[in-house]
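Structure file upload_22.txt with compact mmCIF, C-alpha atoms:
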# COMPACT_ATOMS: atom_id res chain seq x y z
CA MET A 11 -26.65 -15.62 -29.62
CA LYS A 12 -23.17 -14.93 -28.25
CA VAL A 13 -22.68 -11.56 -26.59
CA ILE A 14 -19.29 -10.18 -25.56
CA ILE A 15 -19.49 -7.56 -22.82
CA ILE A 16 -16.48 -5.28 -22.44
CA GLY A 17 -16.30 -3.92 -18.92
CA ALA A 18 -17.15 -5.79 -15.73
CA GLY A 19 -18.35 -2.87 -13.66
CA VAL A 20 -21.84 -2.71 -12.22
CA LEU A 21 -23.43 -1.95 -15.63
CA GLY A 22 -21.61 -4.65 -17.56
CA VAL A 23 -22.21 -7.33 -14.93
CA SER A 24 -25.90 -6.40 -14.70
CA VAL A 25 -26.33 -6.78 -18.46
CA ALA A 26 -24.37 -10.05 -18.36
CA ARG A 27 -26.66 -11.45 -15.70
CA HIS A 28 -29.86 -10.60 -17.57
CA LEU A 29 -28.53 -12.01 -20.85
CA ALA A 30 -27.37 -15.20 -19.14
CA VAL A 31 -30.72 -15.65 -17.40
CA ALA A 32 -32.35 -15.26 -20.84
CA GLY A 33 -30.24 -18.17 -22.08
CA GLU A 34 -27.72 -16.26 -24.20
CA GLU A 35 -24.03 -17.16 -24.34
CA VAL A 36 -22.15 -14.42 -22.47
CA LEU A 37 -18.44 -13.60 -22.28
CA LEU A 38 -17.60 -10.80 -19.84
CA LEU A 39 -14.20 -9.15 -20.35
CA ASP A 40 -12.38 -6.70 -18.11
CA GLN A 41 -8.83 -5.42 -18.23
CA ARG A 42 -8.28 -5.57 -14.46
CA GLY A 43 -11.05 -7.52 -12.79
CA VAL A 44 -14.69 -7.34 -11.78
CA GLY A 45 -15.74 -4.08 -10.14
CA THR A 46 -12.24 -2.56 -10.08
CA GLY A 47 -12.94 0.55 -12.18
CA THR A 48 -15.46 3.33 -11.52
CA THR A 49 -17.65 0.94 -9.53
CA ALA A 50 -14.93 0.71 -6.88
CA THR A 51 -15.03 4.45 -6.19
CA THR A 52 -18.65 5.55 -6.14
CA PHE A 53 -20.73 7.18 -3.42
CA ALA A 54 -23.45 4.68 -4.43
CA TRP A 55 -26.52 6.74 -3.50
CA THR A 56 -29.71 5.56 -5.25
CA ASN A 57 -31.90 8.53 -6.08
CA SER A 58 -33.60 10.74 -8.62
CA SER A 59 -33.79 13.89 -6.53
CA ARG A 60 -31.44 15.97 -8.68
CA LYS A 61 -32.46 14.93 -12.18
CA PRO A 62 -34.45 17.84 -13.67
CA ASP A 63 -34.56 16.36 -17.18
CA PRO A 64 -37.92 14.50 -17.37
CA ASP A 65 -36.60 11.51 -19.33
CA TYR A 66 -33.60 11.11 -17.07
CA HIS A 67 -35.80 11.45 -13.99
CA ARG A 68 -38.13 8.69 -15.22
CA LEU A 69 -35.19 6.40 -15.95
CA ASN A 70 -33.71 6.95 -12.50
CA LEU A 71 -37.10 6.32 -10.85
CA ALA A 72 -37.26 3.03 -12.71
CA GLY A 73 -33.76 2.22 -11.50
CA MET A 74 -34.74 2.83 -7.89
CA GLU A 75 -37.77 0.56 -8.22
CA GLU A 76 -35.75 -2.14 -9.97
CA HIS A 77 -33.26 -2.28 -7.09
CA GLY A 78 -36.01 -3.54 -4.79
CA ARG A 79 -37.04 -6.28 -7.20
CA LEU A 80 -33.44 -7.30 -7.85
CA ALA A 81 -32.67 -7.56 -4.13
CA GLU A 82 -35.38 -10.20 -3.81
CA GLN A 83 -33.88 -12.25 -6.66
CA LEU A 84 -30.18 -12.26 -5.81
CA ARG A 85 -28.54 -14.62 -3.37
CA GLY A 86 -25.80 -13.52 -1.03
CA ALA A 87 -25.63 -10.88 1.66
CA PRO A 88 -27.86 -7.84 1.09
CA ALA A 89 -26.21 -5.17 -1.06
CA TYR A 90 -29.10 -2.70 -1.48
CA PHE A 91 -30.66 -0.70 1.35
CA ARG A 92 -33.75 1.47 0.92
CA SER A 93 -32.67 3.53 3.89
CA GLY A 94 -33.98 6.90 2.82
CA ALA A 95 -31.83 10.01 2.65
CA LEU A 96 -31.65 13.28 4.55
CA GLN A 97 -30.60 16.62 3.11
CA TRP A 98 -29.67 19.32 5.61
CA ALA A 99 -29.46 23.01 4.72
CA ASP A 100 -28.06 26.05 6.45
CA SER A 101 -29.17 29.63 5.74
CA ALA A 102 -26.97 29.77 2.63
CA ASN A 103 -28.59 26.67 1.09
CA GLU A 104 -32.13 26.54 2.43
CA ARG A 105 -33.72 28.29 -0.57
CA ARG A 106 -32.18 25.82 -3.00
CA LEU A 107 -33.31 22.87 -0.91
CA ALA A 108 -36.84 24.31 -0.54
CA ASP A 109 -37.11 24.84 -4.30
CA ASN A 110 -36.02 21.27 -4.96
CA VAL A 111 -38.45 19.79 -2.44
CA GLU A 112 -41.28 21.78 -4.01
CA ARG A 113 -40.27 20.60 -7.50
CA LEU A 114 -40.09 16.95 -6.42
CA ARG A 115 -43.42 17.09 -4.63
CA GLY A 116 -44.94 18.31 -7.88
CA LEU A 117 -43.61 15.12 -9.48
CA ASP A 118 -45.02 12.94 -6.65
CA TYR A 119 -41.49 12.11 -5.53
CA PRO A 120 -41.59 11.34 -1.79
CA ALA A 121 -40.12 14.33 0.06
CA HIS A 122 -41.09 16.00 3.30
CA TRP A 123 -39.70 18.24 6.00
CA VAL A 124 -38.57 16.88 9.36
CA THR A 125 -37.32 18.51 12.53
CA ALA A 126 -33.75 18.24 13.73
CA ASP A 127 -34.84 15.75 16.43
CA GLU A 128 -36.64 13.62 13.85
CA ALA A 129 -33.59 13.76 11.58
CA THR A 130 -31.39 12.52 14.40
CA ARG A 131 -33.69 9.55 15.01
CA ILE A 132 -33.72 8.73 11.29
CA ALA A 133 -29.98 9.13 10.77
CA GLY A 134 -28.73 7.32 13.85
CA ASP A 135 -25.29 7.99 15.25
CA VAL A 136 -24.74 11.58 14.02
CA ARG A 137 -25.90 14.97 15.23
CA VAL A 138 -27.53 17.88 13.44
CA PRO A 139 -25.40 21.02 13.98
CA ALA A 140 -27.05 24.17 15.31
CA SER A 141 -26.29 25.93 12.01
CA ILE A 142 -28.80 23.72 10.15
CA THR A 143 -32.04 25.58 9.49
CA SER A 144 -34.04 22.97 7.55
CA VAL A 145 -33.98 19.21 6.92
CA ALA A 146 -35.71 17.28 4.14
CA HIS A 147 -36.32 13.53 4.19
CA PHE A 148 -36.48 11.43 1.01
CA PRO A 149 -37.74 8.01 2.17
CA SER A 150 -37.60 6.20 -1.20
CA GLU A 151 -33.86 6.76 -1.66
CA GLY A 152 -31.12 4.51 -0.42
CA TYR A 153 -27.64 3.19 -1.04
CA VAL A 154 -25.70 0.23 -2.37
CA LEU A 155 -22.61 -1.63 -1.23
CA PRO A 156 -21.16 -1.69 -4.76
CA ASP A 157 -18.54 -4.40 -4.33
CA LEU A 158 -21.11 -6.74 -2.82
CA LEU A 159 -23.71 -5.95 -5.48
CA VAL A 160 -21.26 -6.75 -8.27
CA THR A 161 -20.24 -9.97 -6.52
CA ASN A 162 -23.88 -11.09 -6.21
CA LEU A 163 -24.70 -10.16 -9.81
CA LEU A 164 -21.67 -12.01 -11.14
CA ALA A 165 -22.41 -15.12 -9.09
CA ASP A 166 -25.92 -15.28 -10.54
CA ALA A 167 -24.65 -14.61 -14.06
CA GLU A 168 -22.08 -17.40 -13.78
CA GLN A 169 -24.66 -19.75 -12.33
CA HIS A 170 -26.63 -19.21 -15.55
CA GLY A 171 -23.60 -19.91 -17.74
CA ALA A 172 -21.85 -16.55 -18.20
CA ARG A 173 -18.06 -16.64 -18.40
CA CYS A 174 -15.73 -13.94 -17.10
CA ALA A 175 -12.15 -13.37 -18.25
CA ILE A 176 -9.36 -10.85 -17.80
CA GLY A 177 -8.24 -9.22 -21.02
CA GLU A 178 -7.36 -5.79 -22.35
CA VAL A 179 -9.17 -4.92 -25.55
CA GLU A 180 -6.98 -3.77 -28.42
CA GLY A 181 -9.52 -3.58 -31.21
CA ILE A 182 -13.16 -4.10 -32.17
CA ALA A 183 -14.05 -4.97 -35.76
CA GLU A 184 -17.57 -5.38 -37.10
CA GLY A 185 -18.30 -7.72 -39.98
CA PRO A 186 -21.48 -8.60 -41.88
CA ALA A 187 -22.12 -11.70 -39.75
CA ALA A 188 -20.19 -11.16 -36.52
CA VAL A 189 -18.09 -8.78 -34.46
CA ALA A 190 -14.51 -9.56 -33.42
CA VAL A 191 -12.79 -8.32 -30.27
CA THR A 192 -9.00 -8.50 -30.34
CA LEU A 193 -7.17 -8.59 -27.02
CA VAL A 194 -3.64 -7.48 -26.22
CA GLY A 195 -1.54 -10.55 -26.93
CA GLY A 196 -3.45 -11.47 -30.07
CA ARG A 197 -6.40 -13.48 -28.80
CA VAL A 198 -9.55 -12.85 -30.84
CA CYS A 199 -13.06 -13.38 -29.47
CA THR A 200 -15.99 -13.37 -31.87
CA GLY A 201 -19.64 -12.89 -31.11
CA ASP A 202 -22.96 -11.79 -32.53
CA ARG A 203 -23.08 -8.63 -30.44
CA VAL A 204 -20.71 -6.56 -28.31
CA VAL A 205 -21.84 -4.46 -25.35
CA LEU A 206 -19.34 -1.70 -24.68
CA ALA A 207 -19.76 -0.95 -20.97
CA ALA A 208 -16.22 0.14 -20.18
CA GLY A 209 -16.99 3.22 -18.09
CA ARG A 210 -14.50 6.03 -18.52
CA TRP A 211 -12.61 3.98 -21.14
CA THR A 212 -15.69 3.81 -23.40
CA GLN A 213 -14.77 6.69 -25.73
CA ARG A 214 -11.29 5.32 -26.42
CA LEU A 215 -12.48 1.78 -27.06
CA ALA A 216 -15.41 2.93 -29.19
CA ALA A 217 -13.03 4.93 -31.38
CA ARG A 218 -11.19 1.70 -32.18
CA ALA A 219 -14.42 0.46 -33.76
CA GLY A 220 -14.91 3.74 -35.62
CA ILE A 221 -17.63 4.87 -33.22
CA ASP A 222 -17.75 8.37 -31.72
CA ILE A 223 -18.96 8.42 -28.10
CA PRO A 224 -18.37 11.95 -26.73
CA MET A 225 -17.30 11.90 -23.09
CA VAL A 226 -15.56 14.16 -20.61
CA THR A 227 -12.07 12.67 -20.48
CA GLY A 228 -9.84 15.11 -18.57
CA THR A 229 -8.17 13.60 -15.50
CA GLY A 230 -6.05 16.50 -14.24
CA ARG A 231 -6.45 18.61 -11.10
CA GLY A 232 -10.03 19.80 -10.73
CA ALA A 233 -11.36 17.87 -13.74
CA GLN A 234 -15.08 17.05 -13.68
CA THR A 235 -14.28 13.36 -13.84
CA VAL A 236 -12.14 13.39 -10.70
CA GLY A 237 -13.78 12.55 -7.39
CA LEU A 238 -12.42 11.93 -3.90
CA LEU A 239 -14.00 9.64 -1.34
CA GLY A 240 -13.02 9.06 2.26
CA TYR A 241 -13.53 5.66 3.85
CA ALA A 242 -13.80 6.14 7.62
CA ARG A 243 -12.69 3.02 9.47
CA SER A 244 -12.98 4.73 12.83
CA PRO A 245 -15.13 5.56 14.64
CA GLU A 246 -17.65 2.83 13.86
CA LEU A 247 -21.09 4.42 13.54
CA ASP A 248 -24.68 3.28 13.61
CA LEU A 249 -25.46 5.41 10.55
CA ARG A 250 -28.87 4.39 9.21
CA CYS A 251 -29.31 6.41 6.02
CA VAL A 252 -27.57 8.63 3.49
CA VAL A 253 -26.93 12.14 4.82
CA HIS A 254 -26.19 15.27 2.79
CA SER A 255 -25.01 18.17 4.91
CA PRO A 256 -23.37 21.46 3.90
CA GLY A 257 -19.76 20.45 3.32
CA LEU A 258 -20.03 16.69 3.77
CA ASN A 259 -22.10 13.76 2.52
CA LEU A 260 -22.16 10.45 4.40
CA ARG A 261 -23.19 6.95 3.38
CA PRO A 262 -23.21 3.81 5.55
CA SER A 263 -20.80 1.04 4.65
CA ALA A 264 -20.21 -2.44 5.99
CA GLY A 265 -19.03 -3.02 9.55
CA GLY A 266 -20.02 0.38 10.88
CA HIS A 267 -17.70 2.16 8.47
CA THR A 268 -18.74 5.36 6.70
CA VAL A 269 -18.13 6.66 3.18
CA LEU A 270 -17.46 10.41 3.08
CA GLN A 271 -17.81 12.80 0.17
CA ALA A 272 -17.01 16.53 0.10
CA LEU A 273 -17.62 17.66 -3.46
CA ASP A 274 -16.04 21.08 -3.03
CA LEU A 275 -12.69 19.45 -2.20
CA ASN A 276 -12.53 17.73 -5.60
CA ALA A 277 -11.21 20.90 -7.23
CA GLY A 278 -7.98 20.55 -5.26
CA VAL A 279 -7.43 16.86 -6.05
CA ASP A 280 -4.67 15.99 -8.50
CA PRO A 281 -4.56 12.28 -9.41
CA ALA A 282 -0.90 12.68 -10.37
CA ASP A 283 -0.16 13.90 -6.84
CA PRO A 284 -2.75 12.24 -4.56
CA PRO A 285 -3.60 13.92 -1.26
CA SER A 286 -1.59 12.55 1.63
CA PRO A 287 -3.24 10.99 4.70
CA ASP A 288 -1.96 13.88 6.85
CA GLY A 289 -2.39 16.69 4.30
CA ASP A 290 -4.81 19.63 4.17
CA ILE A 291 -7.57 17.77 2.31
CA ALA A 292 -7.47 14.84 4.74
CA ARG A 293 -7.56 17.19 7.74
CA THR A 294 -10.48 19.14 6.31
CA LEU A 295 -12.42 15.94 5.69
CA ALA A 296 -11.72 14.72 9.22
CA GLU A 297 -12.75 18.07 10.76
CA ARG A 298 -16.05 18.10 8.88
CA PHE A 299 -16.72 14.51 9.87
CA SER A 300 -15.90 15.22 13.51
CA ALA A 301 -18.37 18.12 13.55
CA LEU A 302 -21.21 15.68 12.80
CA LEU A 303 -20.31 13.10 15.42
CA THR A 304 -22.25 12.85 18.66
CA ASP A 305 -18.85 12.56 20.35
CA PRO A 306 -16.48 14.81 18.35
CA GLY A 307 -13.55 13.71 20.49
CA ARG A 308 -13.53 10.18 19.10
CA SER A 309 -10.50 9.01 17.14
CA ILE A 310 -10.91 9.32 13.36
CA GLU A 311 -9.18 7.13 10.78
CA ILE A 312 -9.93 7.84 7.11
CA ASP A 313 -8.53 6.20 3.99
CA LEU A 314 -8.63 8.40 0.88
CA ARG A 315 -9.44 7.05 -2.56
CA ILE A 316 -9.50 8.92 -5.88
CA GLY A 317 -12.04 7.84 -8.49
CA PHE A 318 -12.80 8.83 -12.06
CA ARG A 319 -16.41 9.34 -13.08
CA SER A 320 -17.87 7.82 -16.24
CA LEU A 321 -19.24 11.06 -17.64
CA PRO A 322 -20.93 11.32 -21.06
CA ALA A 323 -20.38 14.68 -22.70
CA ASP A 324 -23.88 15.98 -21.92
CA GLY A 325 -24.10 14.30 -18.51
CA HIS A 326 -26.84 11.86 -19.54
CA THR A 327 -26.77 8.09 -19.98
CA ILE A 328 -25.80 6.63 -23.35
CA ALA A 329 -27.59 3.39 -24.25
CA GLY A 330 -28.01 1.99 -27.72
CA TYR A 331 -26.42 0.71 -30.89
CA ALA A 332 -23.87 2.95 -32.57
CA SER A 333 -26.01 2.91 -35.73
CA ALA A 334 -28.96 1.04 -37.20
CA ARG A 335 -26.60 -1.55 -38.72
CA SER A 336 -24.11 -1.78 -35.88
CA ARG A 337 -23.49 -4.86 -33.75
CA VAL A 338 -21.89 -2.74 -31.00
CA TYR A 339 -24.21 -1.61 -28.20
CA CYS A 340 -22.80 1.34 -26.23
CA LEU A 341 -23.66 1.72 -22.55
CA VAL A 342 -22.21 4.35 -20.22
CA SER A 343 -23.73 6.40 -17.40
CA HIS A 344 -22.82 8.80 -14.64
CA SER A 345 -25.70 7.27 -12.61
CA GLY A 346 -24.44 3.72 -12.94
CA VAL A 347 -25.29 2.47 -9.46
CA THR A 348 -28.87 3.78 -9.48
CA LEU A 349 -29.49 2.60 -13.02
CA ALA A 350 -27.61 -0.71 -13.18
CA PRO A 351 -30.59 -3.01 -12.43
CA VAL A 352 -32.99 -1.38 -14.88
CA LEU A 353 -30.38 -0.82 -17.59
CA GLY A 354 -29.34 -4.45 -17.29
CA ARG A 355 -32.90 -5.57 -17.92
CA LEU A 356 -33.71 -3.08 -20.67
CA VAL A 357 -30.45 -3.47 -22.59
CA ALA A 358 -30.72 -7.26 -22.47
CA ALA A 359 -34.29 -7.00 -23.77
CA GLU A 360 -33.23 -4.81 -26.70
CA ILE A 361 -30.42 -7.19 -27.62
CA THR A 362 -32.43 -10.40 -27.37
CA THR A 363 -35.69 -9.18 -28.94
CA ASP A 364 -34.55 -6.33 -31.22
CA GLN A 365 -37.43 -4.36 -29.72
CA GLU A 366 -36.65 -0.84 -28.55
CA GLN A 367 -37.46 -0.12 -24.93
CA GLU A 368 -39.33 3.16 -24.51
CA LEU A 369 -37.43 4.28 -21.41
CA LEU A 370 -34.17 4.28 -23.38
CA GLY A 371 -35.43 6.27 -26.36
CA ALA A 372 -33.91 9.58 -25.26
CA PHE A 373 -30.47 8.15 -24.57
CA ARG A 374 -29.24 6.80 -27.89
CA PRO A 375 -25.64 7.51 -28.91
CA THR A 376 -26.99 8.75 -32.24
CA ARG A 377 -28.12 11.96 -30.50
CA PHE A 378 -24.55 13.21 -30.88
CA THR A 379 -24.46 12.69 -34.65
CA GLY A 380 -23.47 15.92 -36.36
CA ALA A 381 -23.06 17.84 -33.10
CA ARG A 382 -19.92 19.88 -32.53
CA ARG A 383 -18.03 19.07 -29.35
CA SER A 384 -18.13 22.73 -28.38
CA ASP A 385 -21.94 22.57 -28.40
CA ILE A 386 -22.11 19.61 -26.00
CA GLU A 387 -21.83 20.51 -22.34
CA VAL A 388 -22.36 18.59 -19.14
CA ASP A 389 -25.56 19.65 -17.42
CA GLN A 390 -24.26 20.14 -13.87
CA ARG A 391 -27.82 20.04 -12.49
CA ALA A 392 -28.47 16.71 -14.21
CA THR A 393 -25.45 15.03 -12.68
CA GLY A 394 -25.34 16.67 -9.26
CA LEU A 395 -21.68 17.61 -9.84
CA GLY A 396 -20.68 20.45 -7.60
CA GLU A 397 -23.75 20.12 -5.33
CA GLN A 398 -23.67 19.13 -1.69
Do you think you could lay out the structure here as structure tokens?
Amino acid sequence: MKVIIIGAGVLGVSVARHLAVAGEEVLLLDQRGVGTGTTATTFAWTNSSRKPDPDYHRLNLAGMEEHGRLAEQLRGAPAYFRSGALQWADSANERRLADNVERLRGLDYPAHWVTADEATRIAGDVRVPASITSVAHFPSEGYVLPDLLVTNLLADAEQHGARCAIGEVEGIAEGPAAVAVTLVGGRVCTGDRVVLAAGRWTQRLAARAGIDIPMVTGTGRGAQTVGLLGYARSPELDLRCVVHSPGLNLRPSAGGHTVLQALDLNAGVDPADPPSPDGDIARTLAERFSALLTDPGRSIEIDLRIGFRSLPADGHTIAGYASARSRVYCLVSHSGVTLAPVLGRLVAAEITTDQEQELLGAFRPTRFTGARRSDIEVDQRATGLGEQ
């Protein structure tokens, strides 16, 4: 079987790897290059602590577990770290954190309270401000270095025969015996199946095949899809886990660098007029970062990067064929980094065996059939949008 995968982000490359390992012929297409879309601008926190929907929670748990197994299989430098995560609350947020910890404990999700001193030992080179009234530790969570993960996945996929090419898709046409993908410039690639894993471009490309995949597509100031990350090059920190504090989230990166996320600042970000390195948003991010440093007088250098989330219309993953007779498998998720390993395995299994995987049953694109767009809304709790 020949499978054409459109989109070489973390989801597409994961599916490509599993299909190639299974012995299928795989062509991976991307308009810009591997890992250059949404995957390049993600906070990359592996978790299921803010997924109240039971089916989505189970899928994310499976994704977390799959990361550990995948890390043992891939060559290359480690890209996944089961570091645990800390969530700090002040008096304004402690009730919400307490309610979530209680909910997660009821689901047997590892969560417990720690003191400020314990949190400091767990987190490493940051301090817990005096305003923090409670701290919860989630030891099964972690983070990914997304560029390295994609590199390792692609290397393994190519070792098993997958091919990767640059090409912008112009059209997708299904026939009775094959599906054809036409690229800008006229080249046509044919295969037995197509996996549409193009992130935020999925809705537009699906429409070219006559498939309706409802997504949030706005990219203006304050749009739900727009996210800002700060990449702190200085100071170099010994940060040992993911930290969520009121006003700022932190994630370790390579070389002692730190990835910063302040979700409340996203509302002021306009991709058409990106925040300047010395503007208000940059200063606010630097001030919040400085407040968490053990030595707040250290020099801070932060690069800003705007990303666009891959956000299905209801906030939940989409995984499945467009219809019972379709050769186009649609795959898009807001939780791409957490879910990539397990979705890669499950989607490849559905394509190669034609056997439905139970974990994906609630996430078929057919759930939108007949629904009015006005009746489909993103579940903010399901995605964590707007939460610190």
Excluding range 173-176 of chain A and residues on its chain fewer than 3 positions from it, collect all residues at most 8 Å away from it, counting only C-alpha atoms, and give them as a count of residues only. 9
When you count only C-alpha atoms, which of these residues is closest to Ala183 in chain A: A:Ala121, A:Leu84, A:Leu275, A:Leu215? A:Leu215
Residues of range 188-263 of chain A at most 9 Å from range 142-156 of chain A: nearest atom pair and distance in Å, all atoms listed in the file, as CSV:
residue,atom,partner,partner_atom,distance
A:Cys251,CA,A:Gly152,CA,7.0
A:Val252,CA,A:Gly152,CA,6.7
A:Ser255,CA,A:Ile142,CA,8.5
A:Pro256,CA,A:Ile142,CA,8.6
A:Arg261,CA,A:Tyr153,CA,7.3
A:Pro262,CA,A:Tyr153,CA,8.0
A:Ser263,CA,A:Leu155,CA,6.7
Write out as a list in words each polymer residue whose atoms come within 12 Å of Pro186 in chain A, counting all atoms listed in the file; drop sequence neighbours fewer than 2 positions from it.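 Residues near the query, excluding close chain neighbours: Ala183, Glu184, Ala188, Val189, Ala190, Gly201, Asp202, Arg203, Arg335, Ser336 and Arg337 of chain A.
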So, counting all atoms listed in the file, which residue among A:Asp305, A:Leu247, A:Asp157, A:His326 is closest to Gly47 in chain A? A:Asp157
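In this structure, CA of Asp135 in chain A sits 12.6 Å away from CA of Arg308 in chain A.
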Residue nearest Arg218 in chain A - candidates A:Ile132, A:Val179, A:Ala187, A:His254, atoms counted: only C-alpha atoms: A:Val179
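Take the candidates A:Ala359, A:Ala242, A:Val347, A:Val194 and check each one against Ile312 in chain A using all atoms listed in the file; the shortest distance goes to A:Ala242.
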Emit as JSON the padded axis-aligned box for all listed atoms of range 42-51 of chain A, 3 Å per side, with centre and edge lengths in Å to one decimal.
{"center_x": -13.0, "center_y": -1.5, "center_z": -10.3, "size_x": 15.4, "size_y": 18.0, "size_z": 14.3}
In Å to one decimal, how far is CA of Thr379 in chain A from CA of Tyr66 in chain A?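 Straight-line distance from CA of Tyr66 in chain A to CA of Thr379 in chain A works out to 19.9 Å.
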Best match for closeness to Tyr241 in chain A among A:Gln169, A:Thr51, A:Thr376, A:Asn276, counting only C-alpha atoms: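 With only C-alpha atoms as the atom set, the closest residue is A:Thr51.
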Can you tell me which residues surround Gly330 in chain A at a distance of at most 6 Å, considering all atoms listed in the file, apart from same-chain residues fewer than 6 positions away, and format the answer as JSON, numbers by chain? {"A": [339, 340, 374]}
Which one is closest to Pro224 in chain A: A:Ser101, A:Ser320, A:Asn57, A:Gln365? Count only C-alpha atoms.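 Closest residue, counting only C-alpha atoms: A:Ser320.
The spacing separating CA of Leu249 in chain A from CA of Gln234 in chain A amounts to 28.8 Å.
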So which residues touch Gly257 in chain A within 8 Å, counting all atoms listed in the file, skipping near sequence neighbours fewer than 2 positions away, as a list of chain:residue names? A:Ser255, A:Asn259, A:Ala272, A:Leu273, A:Asp274, A:Arg298, A:Gln398
If you count all atoms listed in the file, which residues fall within 10 Å of Thr229 in chain A, apart from same-chain ones fewer than 2 positions away, as a PyMOL selection string? chain A and resi 226-227+231-237+280-282+317-319
Would you export the selected residues with C-alpha atoms as an mmCIF file, in the frame of the given file, please?
data_model
loop_
_atom_site.group_PDB
_atom_site.id
_atom_site.type_symbol
_atom_site.label_atom_id
_atom_site.label_comp_id
_atom_site.auth_asym_id
_atom_site.auth_seq_id
_atom_site.Cartn_x
_atom_site.Cartn_y
_atom_site.Cartn_z
ATOM 1 C CA VAL A 226 -15.560 14.160 -20.610
ATOM 2 C CA THR A 227 -12.070 12.670 -20.480
ATOM 3 C CA ARG A 231 -6.450 18.610 -11.100
ATOM 4 C CA GLY A 232 -10.030 19.800 -10.730
ATOM 5 C CA ALA A 233 -11.360 17.870 -13.740
ATOM 6 C CA GLN A 234 -15.080 17.050 -13.680
ATOM 7 C CA THR A 235 -14.280 13.360 -13.840
ATOM 8 C CA VAL A 236 -12.140 13.390 -10.700
ATOM 9 C CA GLY A 237 -13.780 12.550 -7.390
ATOM 10 C CA ASP A 280 -4.670 15.990 -8.500
ATOM 11 C CA PRO A 281 -4.560 12.280 -9.410
ATOM 12 C CA ALA A 282 -0.900 12.680 -10.370
ATOM 13 C CA GLY A 317 -12.040 7.840 -8.490
ATOM 14 C CA PHE A 318 -12.800 8.830 -12.060
ATOM 15 C CA ARG A 319 -16.410 9.340 -13.080
#
Taking (-29.5, -13.4, -18.1) in the coordinates of the supplied file, I want to know which residues reach to within 12 Å of it, counting all atoms listed in the file; could you give the answer as a ChimeraX atom specification? /A:13,22-37,163-173,351,354-359,361-362
